[in-house]
$ cat structure-v4.txt   # compact mmCIF, C-alpha atoms
# COMPACT_ATOMS: atom_id res chain seq x y z
CA MET A 1 84.60 70.00 153.16
CA SER A 2 84.63 67.31 150.48
CA ARG A 3 81.10 68.26 149.41
CA ASN A 4 82.05 71.94 149.15
CA ARG A 5 85.10 71.09 147.10
CA SER A 6 83.01 68.91 144.79
CA ALA A 7 80.45 71.68 144.32
CA LEU A 8 83.18 74.23 143.64
CA MET A 9 84.82 71.95 141.08
CA ALA A 10 81.45 71.41 139.39
CA LEU A 11 80.85 75.15 139.14
CA LEU A 12 84.32 75.71 137.71
CA LEU A 13 83.81 72.92 135.17
CA LEU A 14 80.45 74.39 134.16
CA GLY A 15 82.02 77.82 133.66
CA VAL A 16 84.77 76.38 131.48
CA LEU A 17 82.22 74.52 129.37
CA GLN A 18 80.21 77.71 128.90
CA VAL A 19 83.30 79.63 127.81
CA LEU A 20 84.22 76.90 125.32
CA ALA A 21 80.68 76.84 124.00
CA GLY A 22 80.73 80.59 123.56
CA CYS A 23 84.00 80.38 121.65
CA SER A 24 82.67 77.66 119.39
CA LYS A 25 79.60 79.75 118.65
CA LYS A 26 81.78 82.70 117.75
CA GLN A 27 83.80 80.53 115.38
CA GLU A 28 80.65 79.35 113.62
CA VAL A 29 79.55 82.89 112.76
CA SER A 30 80.18 83.56 109.07
CA PRO A 31 80.26 86.88 107.21
CA ALA A 32 77.03 88.25 105.79
CA PRO A 33 76.20 87.54 102.14
CA ILE A 34 77.56 89.87 99.51
CA SER A 35 75.22 92.40 97.95
CA GLY A 36 75.70 94.05 94.58
CA GLU A 37 76.98 97.61 94.28
CA SER A 38 76.25 100.39 91.79
CA SER A 39 78.12 103.64 91.32
CA LYS A 40 76.50 106.69 92.84
CA ALA A 41 75.73 109.73 90.72
CA GLY A 42 78.93 111.31 89.44
CA ALA A 43 81.11 108.32 90.34
CA MET A 44 82.63 105.74 87.99
CA LEU A 45 83.41 102.74 90.18
CA ALA A 46 83.86 99.18 88.96
CA TYR A 47 82.99 96.75 91.78
CA GLU A 48 84.46 93.29 92.34
CA HIS A 49 83.48 90.71 94.95
CA VAL A 50 85.31 87.66 96.29
CA LEU A 51 83.42 84.97 98.18
CA ARG A 52 84.93 81.84 99.75
CA ILE A 53 82.44 79.14 100.52
CA ARG A 54 83.04 76.05 102.68
CA LEU A 55 81.02 73.03 101.59
CA PRO A 56 81.14 69.27 102.11
CA GLY A 57 83.43 67.93 99.39
CA ALA A 58 80.67 65.86 97.78
CA GLU A 59 78.50 68.97 97.25
CA ILE A 60 81.04 71.24 95.57
CA ALA A 61 80.43 69.98 92.04
CA GLY A 62 76.66 70.37 92.42
CA ARG A 63 76.90 73.93 93.75
CA LEU A 64 79.32 74.86 90.98
CA ALA A 65 76.99 73.46 88.32
CA ALA A 66 73.95 75.19 89.84
CA ALA A 67 75.67 78.58 89.96
CA ARG A 68 76.96 78.18 86.42
CA GLN A 69 73.53 77.25 85.09
CA ALA A 70 71.94 80.20 86.92
CA CYS A 71 74.40 82.53 85.21
CA GLU A 72 74.11 81.05 81.72
CA THR A 73 70.31 81.14 81.87
CA ALA A 74 70.28 84.72 83.28
CA ARG A 75 68.24 83.51 86.25
CA PHE A 76 69.20 86.56 88.31
CA GLY A 77 69.73 88.99 85.44
CA ALA A 78 72.28 89.45 82.69
CA CYS A 79 75.33 87.33 83.49
CA ASN A 80 78.43 86.03 81.73
CA VAL A 81 80.76 83.24 82.85
CA LEU A 82 84.38 84.43 82.80
CA ARG A 83 86.24 81.46 84.25
CA ILE A 84 85.63 77.96 85.63
CA GLU A 85 88.17 75.88 87.52
CA GLN A 86 87.63 72.59 89.31
CA ALA A 87 90.01 70.38 91.32
CA GLU A 88 89.68 67.50 93.74
CA HIS A 89 88.88 69.52 96.85
CA ASP A 90 87.94 72.95 95.49
CA ALA A 91 86.45 74.81 92.56
CA GLU A 92 86.13 78.35 91.28
CA LEU A 93 83.55 80.21 89.24
CA VAL A 94 84.04 83.81 88.09
CA VAL A 95 81.10 85.65 86.56
CA ARG A 96 80.12 89.18 85.60
CA ILE A 97 76.58 89.92 86.64
CA VAL A 98 74.23 92.87 87.14
CA PRO A 99 74.38 94.33 90.69
CA GLU A 100 70.92 93.10 91.68
CA GLY A 101 71.92 89.54 90.82
CA VAL A 102 75.01 89.37 93.06
CA GLU A 103 73.22 88.60 96.32
CA PRO A 104 70.88 85.84 95.03
CA MET A 105 73.78 84.28 93.10
CA ALA A 106 75.92 84.28 96.25
CA LYS A 107 73.10 82.73 98.29
CA LEU A 108 72.58 80.02 95.69
CA ALA A 109 76.30 79.20 95.62
CA ALA A 110 76.54 79.08 99.43
CA GLN A 111 73.43 76.95 99.91
CA GLY A 112 74.23 74.04 102.21
CA GLY A 113 77.56 75.55 103.25
CA SER A 114 79.01 78.53 105.06
CA ILE A 115 80.73 81.71 103.95
CA GLY A 116 84.29 81.81 105.26
CA PHE A 117 85.45 85.04 103.65
CA ARG A 118 83.99 87.92 101.68
CA GLN A 119 85.57 90.97 100.10
CA THR A 120 84.28 93.87 98.04
CA THR A 121 86.60 96.26 96.22
CA ALA A 122 86.04 99.11 93.78
CA GLU A 123 88.27 100.57 91.08
CA ASP A 124 87.80 104.19 90.07
CA LEU A 125 87.59 104.34 86.26
CA ALA A 126 86.89 108.08 86.00
CA ASP A 127 90.37 109.01 84.70
CA ALA A 128 90.49 106.11 82.25
CA VAL A 129 86.99 106.86 80.90
CA ASN A 130 87.69 110.58 80.51
CA ASP A 131 91.05 109.92 78.83
CA ASN A 132 89.44 107.49 76.38
CA GLN A 133 86.74 110.02 75.56
CA ARG A 134 89.31 112.78 74.92
CA GLN A 135 91.27 110.54 72.57
CA ARG A 136 88.14 109.61 70.64
CA GLU A 137 87.12 113.26 70.29
CA LEU A 138 90.57 114.18 68.95
CA LEU A 139 90.54 111.29 66.47
CA GLU A 140 87.02 112.14 65.31
CA LYS A 141 88.08 115.76 64.75
CA HIS A 142 91.15 114.59 62.85
CA GLY A 143 88.98 112.23 60.79
CA ARG A 144 86.65 115.09 59.80
CA HIS A 145 89.64 117.18 58.75
CA LEU A 146 90.94 114.32 56.59
CA ALA A 147 87.52 113.93 54.98
CA GLU A 148 87.49 117.62 54.10
CA LEU A 149 90.91 117.34 52.50
CA ALA A 150 89.92 114.23 50.56
CA ALA A 151 86.83 116.02 49.20
CA ARG A 152 88.91 118.73 47.54
CA LYS A 153 88.94 118.54 43.74
CA ASP A 154 92.47 119.83 43.32
CA ILE A 155 94.09 117.14 45.43
CA ALA A 156 96.78 115.03 43.78
CA VAL A 157 96.42 111.28 43.41
CA ALA A 158 99.45 110.55 45.62
CA ASP A 159 98.06 112.81 48.33
CA LEU A 160 94.67 111.15 48.04
CA ILE A 161 96.25 107.72 48.52
CA ALA A 162 98.14 108.96 51.59
CA LEU A 163 94.94 110.46 52.98
CA SER A 164 93.11 107.16 52.46
CA HIS A 165 95.78 105.32 54.46
CA GLU A 166 95.58 107.94 57.21
CA GLN A 167 91.78 107.69 57.30
CA ALA A 168 91.98 103.91 57.60
CA SER A 169 94.45 104.25 60.48
CA VAL A 170 92.21 106.75 62.26
CA GLU A 171 89.18 104.49 61.80
CA SER A 172 91.08 101.52 63.24
CA LEU A 173 92.16 103.52 66.26
CA LEU A 174 88.62 104.75 66.79
CA GLN A 175 87.27 101.20 66.75
CA SER A 176 89.86 100.15 69.34
CA LEU A 177 88.97 103.06 71.61
CA GLN A 178 85.26 102.34 71.20
CA ALA A 179 85.88 98.72 72.23
CA VAL A 180 87.75 99.94 75.32
CA ALA A 181 84.90 102.34 76.13
CA ALA A 182 82.35 99.52 75.78
CA ASN A 183 84.37 97.33 78.15
CA GLN A 184 84.64 100.19 80.65
CA GLN A 185 80.89 100.74 80.52
CA ARG A 186 80.29 97.01 81.01
CA ARG A 187 82.48 97.08 84.12
CA LEU A 188 80.52 100.06 85.44
CA ASP A 189 77.12 98.47 84.75
CA THR A 190 77.94 95.02 86.18
CA ASN A 191 79.83 93.47 89.12
CA ARG A 192 82.59 90.89 88.90
CA LEU A 193 81.88 88.01 91.29
CA GLU A 194 84.43 85.35 92.23
CA LEU A 195 83.02 82.24 93.90
CA HIS A 196 85.64 80.02 95.53
CA PHE A 197 84.32 76.65 96.73
CA ARG A 198 86.40 74.78 99.33
CA ASP A 199 86.04 71.41 100.98
CA ALA A 200 84.97 72.08 104.58
CA GLY A 201 86.86 69.00 105.80
CA THR A 202 90.10 70.08 104.16
CA TYR A 203 89.66 73.60 105.49
CA SER A 204 89.17 72.38 109.05
CA ARG A 205 92.61 70.77 108.96
CA SER A 206 94.67 73.21 106.95
CA GLY A 207 92.58 76.38 106.79
CA ARG A 208 92.98 77.10 110.48
CA ILE A 209 96.75 76.89 110.17
CA GLY A 210 96.60 79.30 107.23
CA ASP A 211 94.38 81.64 109.24
CA GLY A 212 96.84 81.44 112.11
CA PHE A 213 99.76 82.40 109.87
CA SER A 214 97.66 85.16 108.32
CA SER A 215 96.82 86.52 111.78
CA LEU A 216 100.49 86.32 112.76
CA LEU A 217 101.51 88.25 109.66
CA ASP A 218 98.83 90.86 110.31
CA GLU A 219 99.99 91.36 113.88
CA ALA A 220 103.64 91.53 112.79
CA THR A 221 102.74 94.10 110.13
CA GLU A 222 100.87 96.20 112.68
CA GLY A 223 103.82 95.98 115.07
CA VAL A 224 106.30 97.08 112.42
CA THR A 225 103.97 99.90 111.35
CA ASP A 226 103.64 101.13 114.94
CA ALA A 227 107.40 100.93 115.43
CA LEU A 228 108.04 102.92 112.25
CA GLY A 229 105.47 105.48 113.36
CA LEU A 230 107.20 105.93 116.71
CA LEU A 231 110.57 106.17 114.96
CA GLY A 232 109.24 108.79 112.57
CA TYR A 233 107.75 110.75 115.47
CA GLY A 234 110.92 110.63 117.54
CA LEU A 235 113.45 111.13 114.74
CA PRO A 236 113.15 114.96 114.66
CA PHE A 237 113.75 115.08 118.41
CA LEU A 238 116.82 112.86 118.05
CA LEU A 239 118.19 115.06 115.27
CA LEU A 240 117.66 118.11 117.49
CA ALA A 241 119.02 116.48 120.62
CA PHE A 242 122.27 115.28 119.02
CA PRO A 243 123.77 118.74 118.29
CA LEU A 244 122.49 120.01 121.64
CA ALA A 245 124.28 117.13 123.35
CA LEU A 246 127.52 117.96 121.52
CA LEU A 247 127.19 121.63 122.47
CA TRP A 248 126.52 120.72 126.11
CA ARG A 249 129.53 118.41 126.14
CA ARG A 250 131.78 121.13 124.72
CA LEU A 251 130.53 123.73 127.23
CA TRP A 252 130.93 121.28 130.10
CA ARG A 253 134.50 120.53 129.13
CA ARG A 254 135.30 124.25 128.87
CA PHE A 255 133.71 124.92 132.25
CA THR A 256 135.57 122.08 133.97
CA ARG A 257 138.84 123.20 132.42
CA ARG A 258 138.40 126.73 133.75
CA GLY A 259 137.61 125.38 137.18
CA SER A 260 140.71 123.24 137.27
CA THR A 261 142.88 126.17 136.06
CA GLN A 262 141.59 128.49 138.79
CA GLU A 263 142.30 125.88 141.48
CA ARG A 264 145.89 125.71 140.37
$ encode --input "structure-v4.txt" --output "structure tokens"
Amino acid sequence: MSRNRSALMALLLLGVLQVLAGCSKKQEVSPAPISGESSKAGAMLAYEHVLRIRLPGAEIAGRLAAARQACETARFGACNVLRIEQAEHDAELVVRIVPEGVEPMAKLAAQGGSIGFRQTTAEDLADAVNDNQRQRELLEKHGRHLAELAARKDIAVADLIALSHEQASVESLLQSLQAVAANQQRRLDTNRLELHFRDAGTYSRSGRIGDGFSSLLDEATEGVTDALGLLGYGLPFLLLAFPLALLWRRLWRRFTRRGSTQER
């Protein structure tokens, strides 16, 4: 009996160890690297990526410097540094880079570490681009009309001065709209990439707590959403059932009153 119990305990212990090992393997799996995105034909989407990288604290400065140098030297294509931040246990590098350079830049930044979080979002710029184009067309038409008026020989000096001021104002507005259009086109042609470097040791102590709170908030949000959905589904039935209940109560009282009167 003692041998059987020992064997059974050994098997149970082995199973527990396998389960724990499986869980640890699942925790070590990190999201896939981010790849660049380009708008499909007919679409005007500006893509942005966020990447959180866990690294040993001593390697953060080196990875930050390597990614910055790769951007400034256009190692993976046209690239511009937008922001750099560095603290004791973390750092951040934000760049704007051509779509084909996003993946190699992300791999370079994550070298020697692991990717803890990745996110890709897109903003539709179609309405903004079309609105800017309409405004420029109207201003250009107005500018041509002003030029025609200014070219008239019978125009008074005071009117000519007023026209010159109006033409200068139109030209200034056009330059502003052209700058906006250029920025919109740059956002469409390139991707914004945020690289967040975090100390793996610091994350192991505090990051899990943050993930736990995040998971708790997500579950609470889902619960509230489900509850509101059920309430919204059942509310019409409650509104219908309430007057029916009042009508039933009134009829029941009338029926019981008649019964008691007949018995008398």
$ atom_distance --input "structure-v4.txt" --atom1 "atom CA of A:Asn130" --atom2 "atom CA of A:Gln175"
16.7 Å
$ closest_residue --input "structure-v4.txt" --among "A:Ala182, A:Val157, A:Leu195, A:Leu247" --to "A:Val129" --atoms "all atoms listed in the file"
A:Ala182
$ atom_distance --input "structure-v4.txt" --atom1 "atom CA of A:Arg52" --atom2 "atom CA of A:Glu92"
9.2 Å
$ atom_distance --input "structure-v4.txt" --atom1 "atom CA of A:Leu125" --atom2 "atom CA of A:Glu72"
27.3 Å
$ residues_around --input "structure-v4.txt" --residues "A:Leu138" --least-positions-apart "5" --cutoff "12 Å" --atoms "all atoms listed in the file" --output "ChimeraX atom specification"
/A:131-133,143-145,170,173-174,177
$ write_last_selection --input "structure-v4.txt" --atoms "C-alpha atoms" --output "PDB file, in the frame of the given file"
ATOM      1  CA  ASP A 131      91.050 109.920  78.830  1.00  0.00           C
ATOM      2  CA  ASN A 132      89.440 107.490  76.380  1.00  0.00           C
ATOM      3  CA  GLN A 133      86.740 110.020  75.560  1.00  0.00           C
ATOM      4  CA  GLY A 143      88.980 112.230  60.790  1.00  0.00           C
ATOM      5  CA  ARG A 144      86.650 115.090  59.800  1.00  0.00           C
ATOM      6  CA  HIS A 145      89.640 117.180  58.750  1.00  0.00           C
ATOM      7  CA  VAL A 170      92.210 106.750  62.260  1.00  0.00           C
ATOM      8  CA  LEU A 173      92.160 103.520  66.260  1.00  0.00           C
ATOM      9  CA  LEU A 174      88.620 104.750  66.790  1.00  0.00           C
ATOM     10  CA  LEU A 177      88.970 103.060  71.610  1.00  0.00           C
TER      11      LEU A 177
END
$ closest_residue --input "structure-v4.txt" --among "A:Arg68, A:Arg253, A:Arg152, A:Arg187" --to "A:Glu37" --atoms "all atoms listed in the file"
A:Arg187
$ residues_around --input "structure-v4.txt" --residues "A:Ala74" --least-positions-apart "4" --cutoff "12 Å" --atoms "all atoms listed in the file" --output "PyMOL selection string"
chain A and resi 67-70+78-81+95-98+100-102+104-105
$ closest_residue --input "structure-v4.txt" --among "A:Ile53, A:Ala200, A:Leu188, A:Ala41" --to "A:Asp124" --atoms "only C-alpha atoms"
A:Leu188
$ decode --input "structure-v4.txt" --residues "stretch 187-198 of chain A" --atoms "all heavy atoms" --output "PDB file, in the first residue's frame"
ATOM      1  N   ARG A 187       1.732  61.743 -43.453  1.00  0.00           N
ATOM      2  CA  ARG A 187       1.123  60.748 -42.573  1.00  0.00           C
ATOM      3  C   ARG A 187       0.607  59.549 -43.358  1.00  0.00           C
ATOM      4  O   ARG A 187       0.623  58.424 -42.851  1.00  0.00           O
ATOM      5  CB  ARG A 187      -0.026  61.371 -41.781  1.00  0.00           C
ATOM      6  CG  ARG A 187       0.403  62.431 -40.778  1.00  0.00           C
ATOM      7  CD  ARG A 187      -0.787  62.929 -39.992  1.00  0.00           C
ATOM      8  NE  ARG A 187      -1.388  61.859 -39.204  1.00  0.00           N
ATOM      9  CZ  ARG A 187      -2.550  61.957 -38.568  1.00  0.00           C
ATOM     10  NH1 ARG A 187      -3.254  63.082 -38.650  1.00  0.00           N
ATOM     11  NH2 ARG A 187      -3.019  60.948 -37.875  1.00  0.00           N
ATOM     12  N   LEU A 188       0.152  59.783 -44.588  1.00  0.00           N
ATOM     13  CA  LEU A 188      -0.338  58.685 -45.418  1.00  0.00           C
ATOM     14  C   LEU A 188       0.808  57.847 -45.972  1.00  0.00           C
ATOM     15  O   LEU A 188       0.681  56.633 -46.148  1.00  0.00           O
ATOM     16  CB  LEU A 188      -1.179  59.235 -46.575  1.00  0.00           C
ATOM     17  CG  LEU A 188      -2.504  59.909 -46.199  1.00  0.00           C
ATOM     18  CD1 LEU A 188      -3.134  60.561 -47.415  1.00  0.00           C
ATOM     19  CD2 LEU A 188      -3.459  58.906 -45.581  1.00  0.00           C
ATOM     20  N   ASP A 189       1.938  58.487 -46.257  1.00  0.00           N
ATOM     21  CA  ASP A 189       3.073  57.789 -46.879  1.00  0.00           C
ATOM     22  C   ASP A 189       3.954  57.075 -45.863  1.00  0.00           C
ATOM     23  O   ASP A 189       4.730  56.186 -46.246  1.00  0.00           O
ATOM     24  CB  ASP A 189       3.922  58.784 -47.674  1.00  0.00           C
ATOM     25  CG  ASP A 189       3.167  59.347 -48.872  1.00  0.00           C
ATOM     26  OD1 ASP A 189       2.195  58.697 -49.322  1.00  0.00           O
ATOM     27  OD2 ASP A 189       3.545  60.435 -49.358  1.00  0.00           O
ATOM     28  N   THR A 190       3.887  57.474 -44.589  1.00  0.00           N
ATOM     29  CA  THR A 190       4.759  56.890 -43.572  1.00  0.00           C
ATOM     30  C   THR A 190       3.930  56.369 -42.398  1.00  0.00           C
ATOM     31  O   THR A 190       2.736  56.635 -42.301  1.00  0.00           O
ATOM     32  CB  THR A 190       5.772  57.931 -43.055  1.00  0.00           C
ATOM     33  OG1 THR A 190       5.059  59.036 -42.484  1.00  0.00           O
ATOM     34  CG2 THR A 190       6.666  58.427 -44.188  1.00  0.00           C
ATOM     35  N   ASN A 191       4.571  55.628 -41.510  1.00  0.00           N
ATOM     36  CA  ASN A 191       3.947  55.108 -40.288  1.00  0.00           C
ATOM     37  C   ASN A 191       4.603  55.748 -39.071  1.00  0.00           C
ATOM     38  O   ASN A 191       5.818  55.966 -39.049  1.00  0.00           O
ATOM     39  CB  ASN A 191       4.105  53.596 -40.189  1.00  0.00           C
ATOM     40  CG  ASN A 191       3.239  52.829 -41.179  1.00  0.00           C
ATOM     41  OD1 ASN A 191       3.194  51.616 -41.158  1.00  0.00           O
ATOM     42  ND2 ASN A 191       2.571  53.533 -42.091  1.00  0.00           N
ATOM     43  N   ARG A 192       3.788  56.043 -38.077  1.00  0.00           N
ATOM     44  CA  ARG A 192       4.310  56.547 -36.799  1.00  0.00           C
ATOM     45  C   ARG A 192       4.577  55.341 -35.900  1.00  0.00           C
ATOM     46  O   ARG A 192       3.696  54.505 -35.685  1.00  0.00           O
ATOM     47  CB  ARG A 192       3.309  57.492 -36.147  1.00  0.00           C
ATOM     48  CG  ARG A 192       3.835  58.222 -34.915  1.00  0.00           C
ATOM     49  CD  ARG A 192       2.771  59.194 -34.417  1.00  0.00           C
ATOM     50  NE  ARG A 192       3.260  60.088 -33.382  1.00  0.00           N
ATOM     51  CZ  ARG A 192       3.226  59.823 -32.081  1.00  0.00           C
ATOM     52  NH1 ARG A 192       2.692  58.682 -31.651  1.00  0.00           N
ATOM     53  NH2 ARG A 192       3.692  60.692 -31.199  1.00  0.00           N
ATOM     54  N   LEU A 193       5.784  55.248 -35.375  1.00  0.00           N
ATOM     55  CA  LEU A 193       6.191  54.103 -34.566  1.00  0.00           C
ATOM     56  C   LEU A 193       6.674  54.577 -33.205  1.00  0.00           C
ATOM     57  O   LEU A 193       7.612  55.366 -33.112  1.00  0.00           O
ATOM     58  CB  LEU A 193       7.304  53.327 -35.281  1.00  0.00           C
ATOM     59  CG  LEU A 193       7.918  52.142 -34.537  1.00  0.00           C
ATOM     60  CD1 LEU A 193       6.872  51.070 -34.233  1.00  0.00           C
ATOM     61  CD2 LEU A 193       9.079  51.546 -35.324  1.00  0.00           C
ATOM     62  N   GLU A 194       6.008  54.101 -32.159  1.00  0.00           N
ATOM     63  CA  GLU A 194       6.403  54.404 -30.788  1.00  0.00           C
ATOM     64  C   GLU A 194       7.083  53.178 -30.183  1.00  0.00           C
ATOM     65  O   GLU A 194       6.491  52.101 -30.122  1.00  0.00           O
ATOM     66  CB  GLU A 194       5.188  54.780 -29.932  1.00  0.00           C
ATOM     67  CG  GLU A 194       4.527  56.082 -30.324  1.00  0.00           C
ATOM     68  CD  GLU A 194       3.427  56.479 -29.359  1.00  0.00           C
ATOM     69  OE1 GLU A 194       3.337  55.857 -28.265  1.00  0.00           O
ATOM     70  OE2 GLU A 194       2.644  57.390 -29.684  1.00  0.00           O
ATOM     71  N   LEU A 195       8.306  53.366 -29.741  1.00  0.00           N
ATOM     72  CA  LEU A 195       9.078  52.290 -29.110  1.00  0.00           C
ATOM     73  C   LEU A 195       9.243  52.616 -27.628  1.00  0.00           C
ATOM     74  O   LEU A 195       9.905  53.597 -27.278  1.00  0.00           O
ATOM     75  CB  LEU A 195      10.444  52.146 -29.783  1.00  0.00           C
ATOM     76  CG  LEU A 195      10.419  51.818 -31.286  1.00  0.00           C
ATOM     77  CD1 LEU A 195      11.817  51.935 -31.867  1.00  0.00           C
ATOM     78  CD2 LEU A 195       9.851  50.414 -31.512  1.00  0.00           C
ATOM     79  N   HIS A 196       8.631  51.817 -26.777  1.00  0.00           N
ATOM     80  CA  HIS A 196       8.720  52.008 -25.332  1.00  0.00           C
ATOM     81  C   HIS A 196       9.615  50.906 -24.748  1.00  0.00           C
ATOM     82  O   HIS A 196       9.274  49.724 -24.821  1.00  0.00           O
ATOM     83  CB  HIS A 196       7.335  51.949 -24.683  1.00  0.00           C
ATOM     84  CG  HIS A 196       6.391  52.999 -25.189  1.00  0.00           C
ATOM     85  ND1 HIS A 196       6.265  54.230 -24.592  1.00  0.00           N
ATOM     86  CD2 HIS A 196       5.544  53.012 -26.246  1.00  0.00           C
ATOM     87  CE1 HIS A 196       5.372  54.953 -25.243  1.00  0.00           C
ATOM     88  NE2 HIS A 196       4.926  54.234 -26.259  1.00  0.00           N
ATOM     89  N   PHE A 197      10.737  51.311 -24.180  1.00  0.00           N
ATOM     90  CA  PHE A 197      11.681  50.362 -23.589  1.00  0.00           C
ATOM     91  C   PHE A 197      11.455  50.322 -22.076  1.00  0.00           C
ATOM     92  O   PHE A 197      11.445  51.376 -21.422  1.00  0.00           O
ATOM     93  CB  PHE A 197      13.122  50.762 -23.882  1.00  0.00           C
ATOM     94  CG  PHE A 197      13.439  50.864 -25.351  1.00  0.00           C
ATOM     95  CD1 PHE A 197      13.289  52.066 -26.035  1.00  0.00           C
ATOM     96  CD2 PHE A 197      13.889  49.763 -26.064  1.00  0.00           C
ATOM     97  CE1 PHE A 197      13.578  52.183 -27.379  1.00  0.00           C
ATOM     98  CE2 PHE A 197      14.190  49.859 -27.414  1.00  0.00           C
ATOM     99  CZ  PHE A 197      14.025  51.073 -28.073  1.00  0.00           C
ATOM    100  N   ARG A 198      11.316  49.110 -21.522  1.00  0.00           N
ATOM    101  CA  ARG A 198      11.096  48.967 -20.085  1.00  0.00           C
ATOM    102  C   ARG A 198      12.077  47.960 -19.493  1.00  0.00           C
ATOM    103  O   ARG A 198      12.444  46.980 -20.135  1.00  0.00           O
ATOM    104  CB  ARG A 198       9.659  48.487 -19.800  1.00  0.00           C
ATOM    105  CG  ARG A 198       8.594  49.506 -20.181  1.00  0.00           C
ATOM    106  CD  ARG A 198       7.225  49.034 -19.750  1.00  0.00           C
ATOM    107  NE  ARG A 198       6.194  50.023 -19.991  1.00  0.00           N
ATOM    108  CZ  ARG A 198       4.917  49.865 -19.684  1.00  0.00           C
ATOM    109  NH1 ARG A 198       4.524  48.724 -19.126  1.00  0.00           N
ATOM    110  NH2 ARG A 198       4.040  50.820 -19.928  1.00  0.00           N
TER     111      ARG A 198
END
